[in-house]
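Just protein_31.cif here, mmCIF, C-alpha atoms:
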data_work
#
loop_
_atom_site.label_atom_id
_atom_site.label_comp_id
_atom_site.auth_asym_id
_atom_site.auth_seq_id
_atom_site.Cartn_x
_atom_site.Cartn_y
_atom_site.Cartn_z
CA MET A 1 0.00 0.00 0.00
CA SER A 2 2.77 2.42 0.94
CA LYS A 3 4.43 1.66 -2.41
CA GLU A 4 1.39 3.09 -4.21
CA LEU A 5 1.09 6.15 -2.01
CA LYS A 6 4.68 7.19 -1.73
CA PRO A 7 5.33 8.40 -5.29
CA VAL A 8 2.02 10.28 -5.36
CA ASN A 9 2.80 12.05 -2.09
CA ASN A 10 6.30 12.85 -3.24
CA ARG A 11 5.01 14.30 -6.49
CA ILE A 12 2.50 16.53 -4.69
CA PHE A 13 5.19 17.65 -2.29
CA THR A 14 7.57 18.45 -5.16
CA GLN A 15 4.87 20.37 -7.01
CA LYS A 16 3.96 22.40 -3.91
CA LYS A 17 7.60 23.08 -3.18
CA SER A 18 8.42 24.13 -6.71
CA SER A 19 5.40 26.44 -6.98
CA TYR A 20 6.32 27.96 -3.62
CA LEU A 21 9.88 28.55 -4.81
CA MET A 22 8.59 30.03 -8.09
CA ASP A 23 6.47 32.50 -6.11
CA GLU A 24 9.47 33.40 -3.99
CA LEU A 25 11.69 33.90 -7.04
CA LYS A 26 9.03 36.15 -8.56
CA LEU A 27 8.90 38.22 -5.38
CA ILE A 28 12.70 38.47 -5.31
CA GLU A 29 12.80 39.62 -8.95
CA GLN A 30 10.15 42.27 -8.28
CA ALA A 31 11.95 43.38 -5.11
CA GLN A 32 15.18 43.65 -7.10
CA ARG A 33 13.37 46.03 -9.45
CA GLY A 34 12.50 48.19 -6.44
CA ASP A 35 8.99 46.97 -5.66
CA LYS A 36 8.43 47.75 -1.98
CA LYS A 37 5.35 45.54 -1.73
CA SER A 38 7.36 42.48 -2.77
CA LEU A 39 10.07 43.34 -0.25
CA ALA A 40 7.45 43.67 2.48
CA GLU A 41 5.97 40.33 1.40
CA LEU A 42 9.38 38.63 1.65
CA VAL A 43 9.83 40.12 5.11
CA LYS A 44 6.41 38.80 6.10
CA ILE A 45 7.25 35.30 4.83
CA TYR A 46 10.49 35.06 6.79
CA GLU A 47 10.08 37.31 9.86
CA GLN A 48 8.82 34.52 12.14
CA THR A 49 11.62 32.14 11.11
CA VAL A 50 14.29 34.82 11.47
CA TYR A 51 12.98 36.07 14.82
CA ASN A 52 12.66 32.56 16.24
CA PHE A 53 16.10 31.52 15.03
CA SER A 54 17.65 34.74 16.36
CA PHE A 55 16.07 34.07 19.75
CA LYS A 56 17.38 30.52 19.74
CA ILE A 57 20.91 31.79 19.31
CA CYS A 58 20.73 34.99 21.43
CA ARG A 59 18.34 33.63 24.15
CA ASN A 60 17.04 37.15 24.65
CA LYS A 61 13.97 38.75 23.03
CA GLU A 62 15.46 42.26 22.71
CA ARG A 63 18.56 40.96 21.03
CA ALA A 64 16.52 38.67 18.84
CA GLU A 65 14.50 41.65 17.64
CA HIS A 66 17.64 43.70 17.03
CA THR A 67 19.21 40.81 15.09
CA MET A 68 16.03 40.36 13.06
CA GLN A 69 15.99 44.08 12.17
CA GLU A 70 19.66 44.03 11.13
CA THR A 71 19.13 40.85 9.11
CA PHE A 72 16.25 42.27 7.09
CA LEU A 73 18.03 45.60 6.69
CA SER A 74 20.87 43.65 5.13
CA MET A 75 18.37 41.85 2.89
CA VAL A 76 16.77 45.14 1.77
CA LYS A 77 20.17 46.71 1.07
CA ASN A 78 21.59 43.71 -0.77
CA ILE A 79 18.60 42.16 -2.50
CA LYS A 80 19.93 43.29 -5.91
CA GLN A 81 23.07 41.22 -5.37
CA PHE A 82 21.10 38.10 -4.47
CA SER A 83 21.81 35.67 -7.32
CA GLY A 84 19.37 32.94 -6.37
CA GLN A 85 22.13 30.31 -6.33
CA SER A 86 21.20 29.45 -2.76
CA LYS A 87 17.82 29.66 -1.07
CA LEU A 88 16.89 33.02 0.46
CA SER A 89 16.34 31.24 3.77
CA THR A 90 19.94 29.93 3.69
CA TRP A 91 21.18 33.45 3.08
CA LEU A 92 19.07 34.80 5.98
CA TYR A 93 20.31 32.05 8.32
CA ARG A 94 23.87 33.08 7.45
CA VAL A 95 23.23 36.75 8.24
CA VAL A 96 21.59 35.88 11.59
CA SER A 97 24.40 33.48 12.50
CA ASN A 98 27.13 35.99 11.67
CA HIS A 99 25.37 38.76 13.58
CA CYS A 100 24.87 36.61 16.68
CA LEU A 101 28.46 35.35 16.56
CA MET A 102 29.73 38.92 16.28
CA LEU A 103 27.66 39.96 19.32
CA ALA A 104 28.93 36.97 21.29
CA ARG A 105 32.58 37.67 20.39
CA ASN A 106 32.23 41.33 21.35
CA GLU A 107 30.90 40.31 24.72
CA SER A 108 33.66 37.70 25.05
CA LYS A 109 31.82 36.06 27.88
CA TYR A 110 32.36 32.68 26.26
CA GLY A 111 35.34 30.43 26.44
CA TYR A 112 34.94 29.01 29.89
CA THR A 113 33.56 25.75 28.57
CA SER A 114 36.39 23.49 27.59
CA PHE A 115 35.68 21.03 24.80
CA GLU A 116 39.24 19.83 24.39
CA ASP A 117 38.56 16.40 25.76
CA ASP A 118 35.83 14.77 23.64
CA ASP A 119 35.78 11.65 25.78
CA ALA A 120 35.06 13.61 28.95
CA LEU A 121 31.81 14.81 27.39
CA ILE A 122 30.45 11.28 27.34
CA ASP A 123 29.26 10.54 30.83
CA GLU A 124 28.69 6.81 31.11
CA LYS A 125 27.91 6.89 34.82
CA SER A 126 25.00 9.29 35.03
CA ILE A 127 22.48 7.43 32.95
CA ALA A 128 18.81 7.70 33.75
CA ASP A 129 15.49 7.31 32.09
CA TRP A 130 14.33 10.92 32.04
CA LYS A 131 10.67 9.96 31.67
CA VAL A 132 9.87 13.41 30.44
CA THR A 133 8.15 14.41 27.21
CA PRO A 134 9.11 17.68 25.60
CA ASP A 135 5.64 18.44 24.24
CA ARG A 136 4.67 21.18 26.64
CA VAL A 137 7.94 23.01 26.95
CA THR A 138 6.48 26.38 25.94
CA GLU A 139 3.96 26.22 28.78
CA ASN A 140 6.54 25.61 31.48
CA ASN A 141 8.60 28.61 32.53
CA GLU A 142 10.78 26.67 34.94
CA LEU A 143 11.78 24.24 32.23
CA LYS A 144 12.40 27.11 29.81
CA LYS A 145 14.83 28.65 32.33
CA ILE A 146 16.67 25.33 32.59
CA LEU A 147 16.94 25.08 28.80
CA ASP A 148 18.11 28.71 28.52
CA SER A 149 20.69 28.27 31.23
CA ALA A 150 22.10 25.08 29.64
CA ILE A 151 22.44 26.53 26.17
CA GLU A 152 23.90 29.82 27.41
CA LYS A 153 26.87 27.82 28.67
CA LEU A 154 27.46 26.45 25.18
CA PRO A 155 29.86 28.64 23.15
CA ALA A 156 28.03 30.54 20.41
CA ASP A 157 29.91 28.80 17.56
CA TYR A 158 28.63 25.46 18.80
CA ARG A 159 25.17 26.81 19.51
CA VAL A 160 24.76 28.01 15.94
CA VAL A 161 25.71 24.59 14.53
CA PHE A 162 23.39 22.76 16.93
CA MET A 163 20.48 25.09 16.12
CA LEU A 164 20.94 24.94 12.36
CA ARG A 165 21.45 21.19 12.11
CA ASP A 166 19.36 19.69 14.90
CA VAL A 167 16.73 22.30 15.65
CA GLU A 168 16.09 23.94 12.26
CA GLY A 169 16.68 20.63 10.50
CA LEU A 170 19.16 21.77 7.85
CA SER A 171 21.49 19.19 6.36
CA THR A 172 25.07 18.92 7.57
CA GLU A 173 26.20 20.26 4.17
CA GLU A 174 23.87 23.28 4.32
CA THR A 175 25.00 24.00 7.88
CA ALA A 176 28.63 23.79 6.79
CA LYS A 177 27.99 26.33 4.01
CA ILE A 178 26.24 28.76 6.34
CA VAL A 179 28.91 28.73 9.04
CA GLU A 180 31.75 28.39 6.50
CA LEU A 181 33.19 25.24 8.04
CA SER A 182 34.04 21.85 6.60
CA VAL A 183 31.52 19.01 7.01
CA PRO A 184 33.81 17.15 9.49
CA ALA A 185 34.17 20.35 11.54
CA VAL A 186 30.38 20.74 11.67
CA LYS A 187 30.01 17.11 12.74
CA SER A 188 32.60 17.56 15.45
CA ARG A 189 30.85 20.66 16.84
CA LEU A 190 27.50 18.95 16.65
CA HIS A 191 28.80 15.93 18.56
CA ARG A 192 30.15 18.13 21.33
CA ALA A 193 27.07 20.34 21.48
CA ARG A 194 24.70 17.35 21.76
CA ALA A 195 26.78 15.69 24.46
CA PHE A 196 27.26 18.92 26.39
CA LEU A 197 23.58 19.92 26.38
CA ARG A 198 22.48 16.42 27.27
CA ASN A 199 24.87 16.43 30.24
CA GLU A 200 23.68 19.84 31.39
CA LEU A 201 20.03 18.77 31.31
CA ASN A 202 20.92 15.46 32.93
CA LYS A 203 22.13 17.43 35.96
CA THR A 204 18.54 18.55 36.43
CA PHE A 205 16.77 15.37 35.49
CA PHE A 206 19.12 12.95 37.19
CA GLU A 207 22.00 14.22 39.29
CA GLU A 208 20.00 16.76 41.30
CA LYS A 209 17.28 14.14 41.60
CA MET A 210 14.59 16.73 40.96
CA ASP A 211 11.04 15.65 40.43
CA ILE A 212 10.98 15.31 36.69
CA ASN A 213 7.22 14.94 36.59
CA LYS A 214 6.82 18.62 37.37
CA TYR A 215 8.41 19.43 34.00
CA GLU A 216 5.54 17.77 32.23
CA GLY A 217 3.70 21.08 32.33
CA THR A 218 0.21 19.97 33.23
CA MET B 1 41.07 -0.82 12.58
CA LYS B 2 38.60 -1.75 15.30
CA GLU B 3 37.43 -5.34 15.18
CA HIS B 4 35.95 -5.52 18.69
CA LYS B 5 32.24 -5.20 19.38
CA PRO B 6 31.25 -1.69 20.47
CA ASN B 7 31.06 -1.07 24.22
CA CYS B 8 28.72 1.44 25.90
CA LYS B 9 31.14 4.33 25.51
CA ASP B 10 31.56 3.59 21.77
CA VAL B 11 27.80 3.51 21.41
CA MET B 12 27.29 6.79 23.27
CA ILE B 13 29.96 8.50 21.18
CA HIS B 14 28.31 7.13 18.04
CA ILE B 15 24.90 8.42 19.18
CA CYS B 16 26.25 11.95 19.54
CA ASP B 17 28.13 11.65 16.26
CA ASN B 18 25.55 10.14 14.00
CA LEU B 19 22.10 10.59 15.44
CA GLY B 20 19.80 9.67 12.59
CA GLU B 21 22.53 9.49 9.95
CA GLU B 22 24.26 6.68 8.12
CA LEU B 23 21.75 4.20 9.53
CA ASN B 24 22.81 1.40 7.22
CA SER B 25 26.56 1.58 7.71
CA SER B 26 28.11 -1.58 9.17
CA LYS B 27 29.09 0.30 12.32
CA CYS B 28 25.56 1.59 12.72
CA ILE B 29 24.14 -1.93 12.43
CA GLU B 30 26.44 -3.06 15.26
CA ILE B 31 25.43 -0.04 17.31
CA LYS B 32 21.74 -0.81 16.80
CA ALA B 33 22.30 -4.41 17.90
CA HIS B 34 24.02 -3.16 21.09
CA LEU B 35 21.25 -0.62 21.72
CA GLU B 36 18.54 -3.27 21.56
CA ASP B 37 20.08 -5.14 24.49
CA CYS B 38 21.44 -2.29 26.60
CA PRO B 39 18.98 -0.24 28.71
CA ASP B 40 21.69 2.28 29.69
CA CYS B 41 22.49 3.06 26.07
CA GLN B 42 18.77 3.23 25.27
CA HIS B 43 18.36 5.81 28.04
CA TYR B 44 21.36 7.74 26.76
CA PHE B 45 19.97 7.68 23.21
CA ASN B 46 16.55 8.84 24.45
CA SER B 47 18.07 11.61 26.54
CA VAL B 48 20.04 12.99 23.56
CA GLU B 49 16.91 12.83 21.40
CA THR B 50 14.82 14.48 24.12
CA THR B 51 17.41 17.24 24.48
CA ILE B 52 17.03 18.05 20.78
CA GLN B 53 13.24 17.86 20.98
CA PHE B 54 13.20 20.29 23.92
CA TYR B 55 15.03 22.92 21.90
CA LYS B 56 12.96 22.20 18.79
CA LYS B 57 9.73 22.79 20.67
CA TYR B 58 10.92 25.87 22.52
CA ASN B 59 9.81 28.53 20.07
CA VAL B 60 8.91 32.19 20.37
CA GLN B 61 6.33 34.05 18.33
CA ILE B 62 7.02 37.48 16.92
CA SER B 63 4.62 40.01 18.44
CA GLU B 64 2.54 42.38 16.35
CA ASP B 65 4.46 45.30 17.89
CA ALA B 66 7.81 43.77 16.88
CA HIS B 67 6.45 43.22 13.34
CA ASN B 68 5.28 46.85 13.13
CA ARG B 69 8.62 48.13 14.44
CA LEU B 70 10.42 46.01 11.83
CA ILE B 71 8.32 47.31 8.93
CA GLU B 72 8.82 50.88 10.12
CA PHE B 73 12.56 50.35 10.67
CA LEU B 74 12.88 49.10 7.09
CA GLY B 75 10.80 51.96 5.67
CA LEU B 76 8.31 49.50 4.20
CA LYS B 77 5.19 50.94 5.79
CA GLU B 78 2.49 51.57 3.18
#
Same coordinates, now as structure tokens:
Amino acid sequence: MSKELKPVNNRIFTQKKSSYLMDELKLIEQAQRGDKKSLAELVKIYEQTVYNFSFKICRNKERAEHTMQETFLSMVKNIKQFSGQSKLSTWLYRVVSNHCLMLARNESKYGYTSFEDDDALIDEKSIADWKVTPDRVTENNELKKILDSAIEKLPADYRVVFMLRDVEGLSTEETAKIVELSVPAVKSRLHRARAFLRNELNKTFFEEKMDINKYEGT
Amino acid sequence: MKEHKPNCKDVMIHICDNLGEELNSSKCIEIKAHLEDCPDCQHYFNSVETTIQFYKKYNVQISEDAHNRLIEFLGLKE
């Protein structure tokens, strides 16, 4: 049964995707000719993605808004140079990433987390069944604080890779292009980021022996 | 050249390295066999997956005010 359905679904998906991309290309062309409405439309299409991604890197709503504004300002200023060789979303992710990394470097509050010893990041002893489902995370402020605090300890270069690859769902190759790293370097950062964040959260869900049921967000 | 069967540490490293990738590689098949019989590694795998899911589901919505400020900032107000 799935054999019959799969190609049909794939074809519909491809058609939807290609018509969506055609619409976007049209908007870009019109924006490149100076059409403000098309520019505003492009902003509308991507503002939620850009704001959300900025927040995920900056972990601060004010900074996320500032980054979003700077990102779209860059898009408005440089739309004529956009060649269409990569997706507009890829280009926007790159601008956000660079802006957030620049802010983080200026603050230079990072660097206290040592990732030199890969093996030390794998903690074989503190293994527990977390018995927690992440479905209601947005309803639980205590859990949100825990997640913010864990990721703020992760250096921004690692955070960007983790967010692009694991959270936004880009491929390793796309992530590598955006952050201008090799694929092995992206994989290495991803490995460390996953292990580090897991260990940080494990401190709450296992080592501190907190009641994990309260994070279910009833 | 490693010929030995993967131990828990190998499996945990592999989980962080290749979560959801290269599922049919020979190493991955060995890892999956270990995972099936090892509750600790299953918990580790689940905890890494849950970590990612937490951050995936933690989203923020742009407010109408922030949208209006953006449009004004860009000079795109009609």
Give as a VMD selection string the residues that the PyMOL selection byres ((chain A) within 9 of (chain B)) matches when applied to the coordinates above.
chain A and resid 36 to 37 39 to 40 43 to 44 47 to 48 51 to 53 55 to 56 61 65 68 to 69 72 to 73 76 118 to 119 122 to 124 127 to 130 132 to 138 144 147 162 to 163 166 to 168 187 to 188 190 to 195 197 to 199 201 to 202
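Straight-line separation from CA of Tyr46 (chain A) to CA of Asn98 (chain A): 17.4 Å.
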Picked residues, the PyMOL selection byres ((chain A and resi 148) around 10), expected as a PyMOL selection string
(chain A and resi 56+58-60+142-147+149-153) or (chain B and resi 55+58)
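A straight line drawn from CA of Glu64 (chain B) to CA of Ile57 (chain A) is 21.4 Å long.
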Starting from the PyMOL selection byres ((chain B and resi 34) around 9), expand the selection into actual residues of this file and give them as a ChimeraX atom specification.
/B:5-8,11,29-33,35-38,41
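CA of Tyr93 (chain A) is found 7.1 Å from CA of Ile178 (chain A).
When all atoms listed in the file are used to compute distances to Lys77 (chain A), the closest of the residues A:Thr175, A:Ser182, A:Gln32, A:Asn140 turns out to be A:Gln32.
If all atoms listed in the file are the atoms counted, then among A:Thr67, A:Ile45, A:Ile28, A:Gly34 the closest residue to Phe82 (chain A) is A:Ile28.
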